[in-house]
file input-v2.cif (mmCIF, C-alpha atoms)
data_start
#
loop_
_atom_site.group_PDB
_atom_site.id
_atom_site.type_symbol
_atom_site.label_atom_id
_atom_site.label_comp_id
_atom_site.auth_asym_id
_atom_site.auth_seq_id
_atom_site.Cartn_x
_atom_site.Cartn_y
_atom_site.Cartn_z
ATOM 1 C CA MET A 1 110.991 96.860 94.839
ATOM 2 C CA VAL A 2 113.329 98.624 92.448
ATOM 3 C CA PHE A 3 114.659 97.799 88.990
ATOM 4 C CA GLU A 4 117.775 99.767 88.132
ATOM 5 C CA ASN A 5 119.941 99.545 85.037
ATOM 6 C CA SER A 6 122.527 102.308 84.978
ATOM 7 C CA ASN A 7 120.331 105.427 85.211
ATOM 8 C CA GLU A 8 117.107 103.654 84.199
ATOM 9 C CA ILE A 9 114.847 103.181 87.215
ATOM 10 C CA LEU A 10 111.439 101.608 87.803
ATOM 11 C CA SER A 11 110.061 101.279 91.345
ATOM 12 C CA LEU A 12 107.020 99.383 92.620
ATOM 13 C CA TYR A 13 105.691 99.964 96.116
ATOM 14 C CA GLU A 14 102.904 98.577 98.252
ATOM 15 C CA LEU A 15 102.107 101.670 100.295
ATOM 16 C CA ASN A 16 100.553 101.970 103.736
ATOM 17 C CA ALA A 17 100.539 104.424 106.615
ATOM 18 C CA SER A 18 104.072 103.496 107.712
ATOM 19 C CA ASN A 19 105.843 104.035 104.375
ATOM 20 C CA ALA A 20 103.629 106.701 102.767
ATOM 21 C CA HIS A 21 106.522 109.183 102.981
ATOM 22 C CA ILE A 22 108.056 107.451 99.951
ATOM 23 C CA VAL A 23 105.511 109.274 97.800
ATOM 24 C CA THR A 24 107.242 112.605 98.467
ATOM 25 C CA GLU A 25 110.728 111.326 97.578
ATOM 26 C CA VAL A 26 110.598 112.413 93.951
ATOM 27 C CA ARG A 27 113.672 112.581 91.715
ATOM 28 C CA ASP A 28 114.314 114.452 88.473
ATOM 29 C CA THR A 29 112.207 113.201 85.529
ATOM 30 C CA ASP A 30 110.121 110.878 87.746
ATOM 31 C CA MET A 31 106.650 109.941 86.539
ATOM 32 C CA THR A 32 104.357 108.503 89.210
ATOM 33 C CA PHE A 33 100.964 106.908 89.433
ATOM 34 C CA ILE A 34 99.329 105.826 92.672
ATOM 35 C CA TRP A 35 96.484 103.320 92.727
ATOM 36 C CA ASN A 36 94.383 103.514 95.864
ATOM 37 C CA VAL A 37 93.183 100.051 96.901
ATOM 38 C CA ALA A 38 91.682 101.022 100.270
ATOM 39 C CA ASP A 39 88.427 102.828 100.959
ATOM 40 C CA ARG A 40 90.068 106.249 100.956
ATOM 41 C CA MET A 41 93.322 108.074 100.293
ATOM 42 C CA ASP A 42 94.036 111.755 100.940
ATOM 43 C CA ILE A 43 96.767 113.628 99.112
ATOM 44 C CA THR A 44 97.486 117.357 98.947
ATOM 45 C CA ILE A 45 99.250 118.586 95.816
ATOM 46 C CA ASP A 46 100.338 122.206 95.404
ATOM 47 C CA LYS A 47 98.181 122.978 98.467
ATOM 48 C CA VAL A 48 95.093 121.515 96.776
ATOM 49 C CA PRO A 49 93.554 118.520 98.612
ATOM 50 C CA PHE A 50 92.396 115.459 96.694
ATOM 51 C CA GLN A 51 90.423 112.540 98.089
ATOM 52 C CA LEU A 52 90.658 109.258 96.200
ATOM 53 C CA ALA A 53 88.077 106.515 96.523
ATOM 54 C CA LYS A 54 88.875 102.836 96.116
ATOM 55 C CA ASN A 55 90.353 101.942 92.721
ATOM 56 C CA GLN A 56 91.058 105.495 91.707
ATOM 57 C CA ILE A 57 94.489 106.273 90.250
ATOM 58 C CA ILE A 58 96.257 109.641 90.298
ATOM 59 C CA PHE A 59 99.055 110.610 87.881
ATOM 60 C CA LEU A 60 101.911 112.950 88.808
ATOM 61 C CA THR A 61 105.144 114.313 87.368
ATOM 62 C CA GLU A 62 108.252 115.621 89.097
ATOM 63 C CA PHE A 63 106.770 119.130 88.911
ATOM 64 C CA HIS A 64 103.871 118.411 91.253
ATOM 65 C CA ARG A 65 104.596 119.432 94.821
ATOM 66 C CA ILE A 66 103.210 116.799 97.215
ATOM 67 C CA ASP A 67 102.504 118.508 100.539
ATOM 68 C CA GLN A 68 100.804 115.746 102.481
ATOM 69 C CA VAL A 69 99.544 112.207 101.989
ATOM 70 C CA LYS A 70 97.458 109.841 104.087
ATOM 71 C CA ILE A 71 97.346 106.276 102.809
ATOM 72 C CA GLN A 72 95.711 103.147 104.155
ATOM 73 C CA ALA A 73 96.707 100.874 101.274
ATOM 74 C CA ALA A 74 97.870 101.808 97.776
ATOM 75 C CA ARG A 75 100.154 100.689 94.974
ATOM 76 C CA MET A 76 102.664 103.065 93.427
ATOM 77 C CA VAL A 77 104.533 102.813 90.143
ATOM 78 C CA ARG A 78 107.347 105.298 89.670
ATOM 79 C CA PHE A 79 109.663 105.408 86.662
ATOM 80 C CA ASN A 80 112.109 107.933 85.285
ATOM 81 C CA GLN A 81 112.538 109.257 81.776
ATOM 82 C CA PRO A 82 115.551 107.053 80.911
ATOM 83 C CA PHE A 83 113.506 103.941 81.773
ATOM 84 C CA TYR A 84 110.536 105.031 79.666
ATOM 85 C CA CYS A 85 109.987 108.456 78.109
ATOM 86 C CA VAL A 86 106.267 109.116 77.643
ATOM 87 C CA VAL A 87 107.025 111.969 75.218
ATOM 88 C CA ASN A 88 109.413 110.133 72.898
ATOM 89 C CA HIS A 89 107.207 107.018 72.936
ATOM 90 C CA ASP A 90 103.889 108.810 72.719
ATOM 91 C CA ASN A 91 102.903 106.820 69.640
ATOM 92 C CA GLU A 92 102.973 103.673 71.817
ATOM 93 C CA VAL A 93 100.684 104.721 74.675
ATOM 94 C CA GLY A 94 99.195 108.147 73.854
ATOM 95 C CA SER A 95 99.606 109.479 77.407
ATOM 96 C CA LYS A 96 101.338 112.791 76.599
ATOM 97 C CA GLY A 97 98.984 115.662 77.273
ATOM 98 C CA LEU A 98 96.558 113.369 79.110
ATOM 99 C CA LEU A 99 98.126 111.382 81.950
ATOM 100 C CA PHE A 100 101.350 113.405 81.972
ATOM 101 C CA PHE A 101 102.386 116.902 80.835
ATOM 102 C CA GLY A 102 98.842 118.112 80.340
ATOM 103 C CA ALA A 103 97.540 121.586 81.083
ATOM 104 C CA THR A 104 94.186 120.614 82.558
ATOM 105 C CA GLY A 105 94.996 119.768 86.177
ATOM 106 C CA VAL A 106 95.875 116.568 88.023
ATOM 107 C CA PRO A 107 94.551 113.506 86.156
ATOM 108 C CA ILE A 108 92.558 110.994 88.211
ATOM 109 C CA ILE A 109 90.818 107.960 86.748
ATOM 110 C CA THR A 110 88.303 105.542 88.251
ATOM 111 C CA VAL A 111 88.790 101.867 87.440
ATOM 112 C CA ASP A 112 85.429 100.123 87.414
ATOM 113 C CA GLU A 113 84.876 96.474 88.315
ATOM 114 C CA SER A 114 84.979 95.316 84.688
ATOM 115 C CA ARG A 115 88.564 96.595 84.308
ATOM 116 C CA ILE A 116 90.073 95.797 87.700
ATOM 117 C CA ARG A 117 91.420 92.420 86.624
ATOM 118 C CA ASP A 118 93.352 94.024 83.739
ATOM 119 C CA PHE A 119 95.203 96.288 86.190
ATOM 120 C CA GLU A 120 95.659 93.512 88.750
ATOM 121 C CA LEU A 121 97.228 91.255 86.130
ATOM 122 C CA SER A 122 99.687 93.916 84.987
ATOM 123 C CA TRP A 123 100.662 94.658 88.594
ATOM 124 C CA GLU A 124 101.167 90.954 89.395
ATOM 125 C CA ILE A 125 103.374 90.415 86.349
ATOM 126 C CA MET A 126 105.453 93.512 87.138
ATOM 127 C CA LEU A 127 105.965 92.349 90.723
ATOM 128 C CA SER A 128 107.025 88.923 89.495
ATOM 129 C CA GLU A 129 109.412 90.286 86.867
ATOM 130 C CA ILE A 130 111.060 92.917 89.029
ATOM 131 C CA SER A 131 112.156 90.258 91.533
ATOM 132 C CA LYS A 132 113.938 88.237 88.816
ATOM 133 C CA ASN A 133 117.167 88.761 86.946
ATOM 134 C CA GLU A 134 116.425 87.117 83.646
ATOM 135 C CA ILE A 135 116.909 87.846 79.982
ATOM 136 C CA LEU A 136 114.647 90.614 78.602
ATOM 137 C CA GLN A 137 113.538 91.587 82.122
ATOM 138 C CA GLN A 138 113.524 95.288 81.280
ATOM 139 C CA ASP A 139 111.543 94.670 78.096
ATOM 140 C CA MET A 140 108.874 92.788 80.056
ATOM 141 C CA LEU A 141 108.665 95.524 82.691
ATOM 142 C CA GLN A 142 108.332 98.188 80.013
ATOM 143 C CA ALA A 143 105.634 96.148 78.275
ATOM 144 C CA MET A 144 103.577 95.892 81.475
ATOM 145 C CA LEU A 145 104.106 99.574 82.244
ATOM 146 C CA LYS A 146 102.877 100.465 78.752
ATOM 147 C CA ARG A 147 99.879 98.181 79.237
ATOM 148 C CA MET A 148 98.865 99.960 82.441
ATOM 149 C CA LEU A 149 99.300 103.356 80.803
ATOM 150 C CA ILE A 150 97.224 102.342 77.780
ATOM 151 C CA LEU A 151 94.458 100.993 80.021
ATOM 152 C CA SER A 152 94.506 104.277 81.925
ATOM 153 C CA VAL A 153 94.406 106.391 78.768
ATOM 154 C CA ARG A 154 91.330 104.488 77.581
ATOM 155 C CA ILE A 155 89.504 105.256 80.822
ATOM 156 C CA LEU A 156 90.540 108.914 80.855
ATOM 157 C CA ARG A 157 89.482 109.450 77.246
ATOM 158 C CA GLN A 158 85.987 108.258 78.113
ATOM 159 C CA SER A 159 85.729 110.261 81.324
ATOM 160 C CA ASN A 160 86.777 113.601 79.805
ATOM 161 C CA ASN A 161 84.629 113.284 76.662
ATOM 162 C CA LEU A 162 87.674 112.914 74.413
ATOM 163 C CA SER A 163 85.990 109.790 73.069
ATOM 164 C CA LYS A 164 83.421 112.080 71.390
ATOM 165 C CA LEU A 165 86.127 113.214 68.973
ATOM 166 C CA ASP A 166 87.651 111.287 66.113
ATOM 167 C CA LYS A 167 91.288 110.246 66.272
ATOM 168 C CA THR A 168 92.621 113.300 64.435
ATOM 169 C CA GLN A 169 90.633 115.714 66.608
ATOM 170 C CA SER A 170 91.671 114.017 69.852
ATOM 171 C CA GLU A 171 95.327 114.160 68.808
ATOM 172 C CA VAL A 172 94.991 117.925 68.307
ATOM 173 C CA VAL A 173 93.542 118.299 71.811
ATOM 174 C CA ARG A 174 96.324 116.221 73.371
ATOM 175 C CA GLU A 175 99.026 118.129 71.515
ATOM 176 C CA PHE A 176 97.464 121.455 72.505
ATOM 177 C CA ASN A 177 97.508 120.423 76.177
ATOM 178 C CA TYR A 178 101.144 119.355 75.881
ATOM 179 C CA LEU A 179 102.186 122.555 74.095
ATOM 180 C CA VAL A 180 100.463 124.714 76.704
ATOM 181 C CA ASP A 181 102.253 122.846 79.485
ATOM 182 C CA LYS A 182 105.532 123.454 77.671
ATOM 183 C CA HIS A 183 105.093 127.097 76.591
ATOM 184 C CA PHE A 184 102.594 128.694 79.002
ATOM 185 C CA ALA A 185 105.243 130.994 80.498
ATOM 186 C CA THR A 186 106.170 132.568 77.175
ATOM 187 C CA HIS A 187 103.010 132.358 75.076
ATOM 188 C CA HIS A 188 99.685 133.456 76.543
ATOM 189 C CA ASN A 189 97.538 133.675 73.406
ATOM 190 C CA VAL A 190 95.606 130.980 71.552
ATOM 191 C CA ALA A 191 96.977 132.148 68.188
ATOM 192 C CA PHE A 192 100.474 130.830 68.995
ATOM 193 C CA TYR A 193 99.232 127.321 69.796
ATOM 194 C CA ALA A 194 96.875 127.315 66.839
ATOM 195 C CA SER A 195 99.788 128.138 64.527
ATOM 196 C CA GLN A 196 101.884 125.346 66.044
ATOM 197 C CA LEU A 197 99.035 122.950 65.265
ATOM 198 C CA ASN A 198 98.383 124.383 61.804
ATOM 199 C CA LYS A 199 94.870 125.350 62.869
ATOM 200 C CA SER A 200 93.033 128.617 63.225
ATOM 201 C CA PRO A 201 92.088 129.866 66.715
ATOM 202 C CA LYS A 202 88.443 129.516 65.729
ATOM 203 C CA THR A 203 88.942 125.874 64.749
ATOM 204 C CA LEU A 204 90.556 125.167 68.109
ATOM 205 C CA SER A 205 87.716 126.850 69.983
ATOM 206 C CA ASN A 206 85.101 124.902 68.025
ATOM 207 C CA LEU A 207 86.951 121.653 68.686
ATOM 208 C CA PHE A 208 87.086 122.187 72.445
ATOM 209 C CA SER A 209 83.416 123.185 72.516
ATOM 210 C CA LEU A 210 82.542 119.672 71.346
ATOM 211 C CA MET A 211 83.865 118.115 74.554
ATOM 212 C CA SER A 212 84.082 120.799 77.233
ATOM 213 C CA THR A 213 82.903 124.200 78.410
ATOM 214 C CA ARG A 214 86.536 125.195 78.922
ATOM 215 C CA THR A 215 87.955 127.217 76.058
ATOM 216 C CA PRO A 216 91.588 127.038 74.883
ATOM 217 C CA LEU A 217 92.192 130.420 76.528
ATOM 218 C CA ASN A 218 90.771 129.114 79.829
ATOM 219 C CA ILE A 219 93.253 126.253 79.699
ATOM 220 C CA ILE A 220 96.195 128.588 79.045
ATOM 221 C CA HIS A 221 95.156 130.891 81.894
ATOM 222 C CA ASP A 222 94.605 127.981 84.293
ATOM 223 C CA ARG A 223 98.076 126.631 83.535
ATOM 224 C CA ILE A 224 99.640 130.045 84.186
ATOM 225 C CA MET A 225 97.800 130.187 87.503
ATOM 226 C CA ILE A 226 99.007 126.728 88.563
ATOM 227 C CA HIS A 227 102.603 127.876 88.162
ATOM 228 C CA ALA A 228 101.950 131.278 89.725
ATOM 229 C CA ARG A 229 100.422 129.720 92.845
ATOM 230 C CA ARG A 230 103.225 127.164 93.047
ATOM 231 C CA GLN A 231 105.916 129.839 92.917
ATOM 232 C CA ILE A 232 104.128 132.067 95.425
ATOM 233 C CA ASN A 233 103.598 129.139 97.798
ATOM 234 C CA TYR A 234 106.997 127.459 97.601
ATOM 235 C CA SER A 235 109.628 129.862 96.267
ATOM 236 C CA ASN A 236 111.323 132.913 97.704
ATOM 237 C CA LEU A 237 110.918 134.834 94.469
ATOM 238 C CA SER A 238 109.320 138.249 94.684
ATOM 239 C CA ILE A 239 105.977 138.823 92.975
ATOM 240 C CA LYS A 240 107.811 140.908 90.384
ATOM 241 C CA GLU A 241 110.228 138.045 89.684
ATOM 242 C CA ILE A 242 107.358 135.561 89.376
ATOM 243 C CA ALA A 243 105.554 137.898 86.993
ATOM 244 C CA TYR A 244 108.669 138.220 84.840
ATOM 245 C CA GLU A 245 109.202 134.437 84.898
ATOM 246 C CA LEU A 246 105.661 134.057 83.555
ATOM 247 C CA GLY A 247 106.208 136.476 80.708
ATOM 248 C CA TYR A 248 104.727 139.620 82.257
ATOM 249 C CA ASP A 249 107.002 142.645 81.912
ATOM 250 C CA ASP A 250 104.535 144.740 83.888
ATOM 251 C CA ILE A 251 103.806 143.570 87.444
ATOM 252 C CA GLN A 252 100.524 145.466 87.438
ATOM 253 C CA THR A 253 99.273 143.473 84.446
ATOM 254 C CA PHE A 254 100.188 140.237 86.199
ATOM 255 C CA SER A 255 98.569 141.367 89.444
ATOM 256 C CA ARG A 256 95.324 142.250 87.655
ATOM 257 C CA PHE A 257 95.332 138.882 85.881
ATOM 258 C CA PHE A 258 96.018 136.979 89.113
ATOM 259 C CA LYS A 259 93.321 138.827 91.051
ATOM 260 C CA SER A 260 90.760 138.239 88.299
ATOM 261 C CA LYS A 261 91.361 134.494 88.656
ATOM 262 C CA GLU A 262 92.043 134.099 92.369
ATOM 263 C CA GLY A 263 89.977 136.932 93.840
ATOM 264 C CA VAL A 264 92.937 138.415 95.720
ATOM 265 C CA SER A 265 96.212 140.036 94.677
ATOM 266 C CA PRO A 266 99.406 137.930 94.505
ATOM 267 C CA GLY A 267 100.701 139.667 97.639
ATOM 268 C CA HIS A 268 97.565 138.933 99.655
ATOM 269 C CA TYR A 269 97.576 135.350 98.371
ATOM 270 C CA ARG A 270 101.132 134.902 99.674
ATOM 271 C CA GLU A 271 100.167 136.375 103.043
ATOM 272 C CA LYS A 272 97.253 133.937 103.316
ATOM 273 C CA SER A 273 99.398 130.950 102.312
ATOM 274 C CA GLU A 274 101.956 131.777 105.002
ATOM 275 C CA GLN A 275 99.367 131.833 107.776
ATOM 276 C CA PRO A 276 99.324 128.653 109.882
ATOM 277 C CA VAL A 277 96.361 126.338 109.431
ATOM 278 C CA LEU A 278 94.296 125.962 112.584
ATOM 279 C CA GLU A 279 93.054 122.447 113.298
#
call {"tool": "encode", "arguments": {"input": "input-v2.cif", "output": "structure tokens"}}
result
Amino acid sequence: MVFENSNEILSLYELNASNAHIVTEVRDTDMTFIWNVADRMDITIDKVPFQLAKNQIIFLTEFHRIDQVKIQAARMVRFNQPFYCVVNHDNEVGSKGLLFFGATGVPIITVDESRIRDFELSWEIMLSEISKNEILQQDMLQAMLKRMLILSVRILRQSNNLSKLDKTQSEVVREFNYLVDKHFATHHNVAFYASQLNKSPKTLSNLFSLMSTRTPLNIIHDRIMIHARRQINYSNLSIKEIAYELGYDDIQTFSRFFKSKEGVSPGHYREKSEQPVLE
């Protein structure tokens, strides 16, 4: 079911094996979350396979490349930036840098039994509202979307140890993740992000050590690698062009960095990715 008002779009889907292809039909600025309600769901993103158990939810942006999906039963919410911008309205849901536009991988949450009814209720109200054409319909849909995002943020904060930090500290972590996702191609050092946050690099490192073994520099490097792999896998750009796109003037420096993280050179990685998978 689809709500559309000019260029503002919200879509709700009950997914199964016959219509799972809808997941790959992503438009510009689309934000997506998929709630698996069957025993298992398999999805491959940027050539990385993920297996979701029942009542796990995965969050994706338009920049994730969905290679393959196998769904028994799932619910999908997809909305574009004109309908609801998670960046401009971050003060309402706090999802920027966590559920969307983060630098720490693909977010997946697990909804336990005590919270299932909260998600079910939001889904039921959204389904009811989207089939109507009544006054303030869009406002109600946005309210239920925000509710689901807030519920998800609460779960994710607990699962990634962000709840160990106070509000000010957790906001710094979220903003760091968002800034890295935005500037990773042009700024590779922690000092830049620390300055943007009015913190010292040492303060940032100490803050991350409270909740994770991953340092700020690890996060920057991992985000660079996500983009590097994506470009090698899906684009026709040369390794030199990819290196330049990622802020490396010297292809040898990029190649050494890539090999230190992946174990093989960018060229060998591309050769491996182009080989057919034997079943």
call {"tool": "resolve_selection", "arguments": {"input": "input-v2.cif", "expression": "the PyMOL selection byres ((chain A and resi 93-103) around 7)", "output": "PyMOL selection string"}}
result
chain A and resi 59-61+86-87+90-92+104-105+107+146+149-150+153+174-175+177-178+180-181+219+223
call {"tool": "residues_near_point", "arguments": {"input": "input-v2.cif", "point": "(97.6, 134.5, 96.2)", "cutoff": "9 Å", "atoms": "only C-alpha atoms", "output": "list of chain:residue names"}}
result
A:Ala228, A:Arg229, A:Ile232, A:Asn233, A:Phe258, A:Lys259, A:Glu262, A:Gly263, A:Val264, A:Ser265, A:Pro266, A:Gly267, A:His268, A:Tyr269, A:Arg270, A:Glu271, A:Lys272, A:Ser273
call {"tool": "residues_around", "arguments": {"input": "input-v2.cif", "residues": "Tyr248 (chain A)", "least_positions_apart": "2", "cutoff": "12 Å", "atoms": "only C-alpha atoms", "output": "list in words"}}
result
Phe184, Ala185, Thr186, His187, His188, Ile224, Ala228, Ile239, Lys240, Glu241, Ile242, Ala243, Tyr244, Glu245, Leu246, Asp250, Ile251, Gln252, Thr253, Phe254, Ser255, Arg256, Phe257 and Phe258 of chain A
call {"tool": "closest_residue", "arguments": {"input": "input-v2.cif", "among": "A:Asn80, A:Thr168, A:Thr203, A:Gln138", "to": "Thr32 (chain A)", "atoms": "all atoms listed in the file"}}
result
A:Asn80
call {"tool": "resolve_selection", "arguments": {"input": "input-v2.cif", "expression": "the PyMOL selection byres ((chain A and resi 8) around 8)", "output": "PyMOL selection string"}}
result
chain A and resi 3-7+9-10+80-83
call {"tool": "closest_residue", "arguments": {"input": "input-v2.cif", "among": "A:Leu204, A:Ala73, A:Val23, A:Val173", "to": "Ile45 (chain A)", "atoms": "all atoms listed in the file"}}
result
A:Val23
call {"tool": "resolve_selection", "arguments": {"input": "input-v2.cif", "expression": "the PyMOL selection byres ((chain A and resi 112) around 10)", "output": "list in words"}}
result
Lys54, Asn55, Gln56, Ile109, Thr110, Val111, Glu113, Ser114, Arg115, Ile116, Arg117 and Ile155 of chain A
call {"tool": "atom_distance", "arguments": {"input": "input-v2.cif", "atom1": "CA of Met1 (chain A)", "atom2": "CA of Asn88 (chain A)"}}
result
25.7 Å
call {"tool": "closest_residue", "arguments": {"input": "input-v2.cif", "among": "A:Tyr13, A:Phe63, A:Phe33, A:Tyr84", "to": "Ser152 (chain A)", "atoms": "only C-alpha atoms"}}
result
A:Phe33
call {"tool": "atom_distance", "arguments": {"input": "input-v2.cif", "atom1": "CA of Leu217 (chain A)", "atom2": "CA of Arg230 (chain A)"}}
result
20.1 Å
call {"tool": "atom_distance", "arguments": {"input": "input-v2.cif", "atom1": "CA of Leu156 (chain A)", "atom2": "CA of Ala20 (chain A)"}}
result
25.6 Å
call {"tool": "residues_around", "arguments": {"input": "input-v2.cif", "residues": "Ser212 (chain A)", "least_positions_apart": "2", "cutoff": "10 Å", "atoms": "all atoms listed in the file", "output": "PyMOL selection string"}}
result
chain A and resi 160-162+207-210+214-215
call {"tool": "decode", "arguments": {"input": "input-v2.cif", "residues": "region 97-119 of chain A", "atoms": "C-alpha atoms", "output": "tab-separated table (two decimals), in the first residue's frame"}}
result
chain	number	residue	atom	x	y	z
A	97	GLY	CA	24.02	8.03	12.83
A	98	LEU	CA	22.31	4.98	14.34
A	99	LEU	CA	19.53	3.52	12.19
A	100	PHE	CA	20.46	5.55	9.11
A	101	PHE	CA	23.61	7.29	7.83
A	102	GLY	CA	25.90	5.64	10.35
A	103	ALA	CA	29.44	4.48	9.73
A	104	THR	CA	29.31	1.24	11.69
A	105	GLY	CA	27.72	-1.22	9.27
A	106	VAL	CA	24.15	-2.37	8.62
A	107	PRO	CA	21.96	-1.85	11.71
A	108	ILE	CA	19.88	-4.83	12.84
A	109	ILE	CA	17.78	-4.88	15.99
A	110	THR	CA	16.03	-7.73	17.80
A	111	VAL	CA	12.55	-7.01	19.13
A	112	ASP	CA	11.93	-9.10	22.23
A	113	GLU	CA	8.53	-10.37	23.33
A	114	SER	CA	7.96	-7.48	25.74
A	115	ARG	CA	8.14	-4.96	22.87
A	116	ILE	CA	6.42	-6.82	20.05
A	117	ARG	CA	3.00	-5.36	20.80
A	118	ASP	CA	4.37	-1.80	20.50
A	119	PHE	CA	5.56	-2.52	16.94
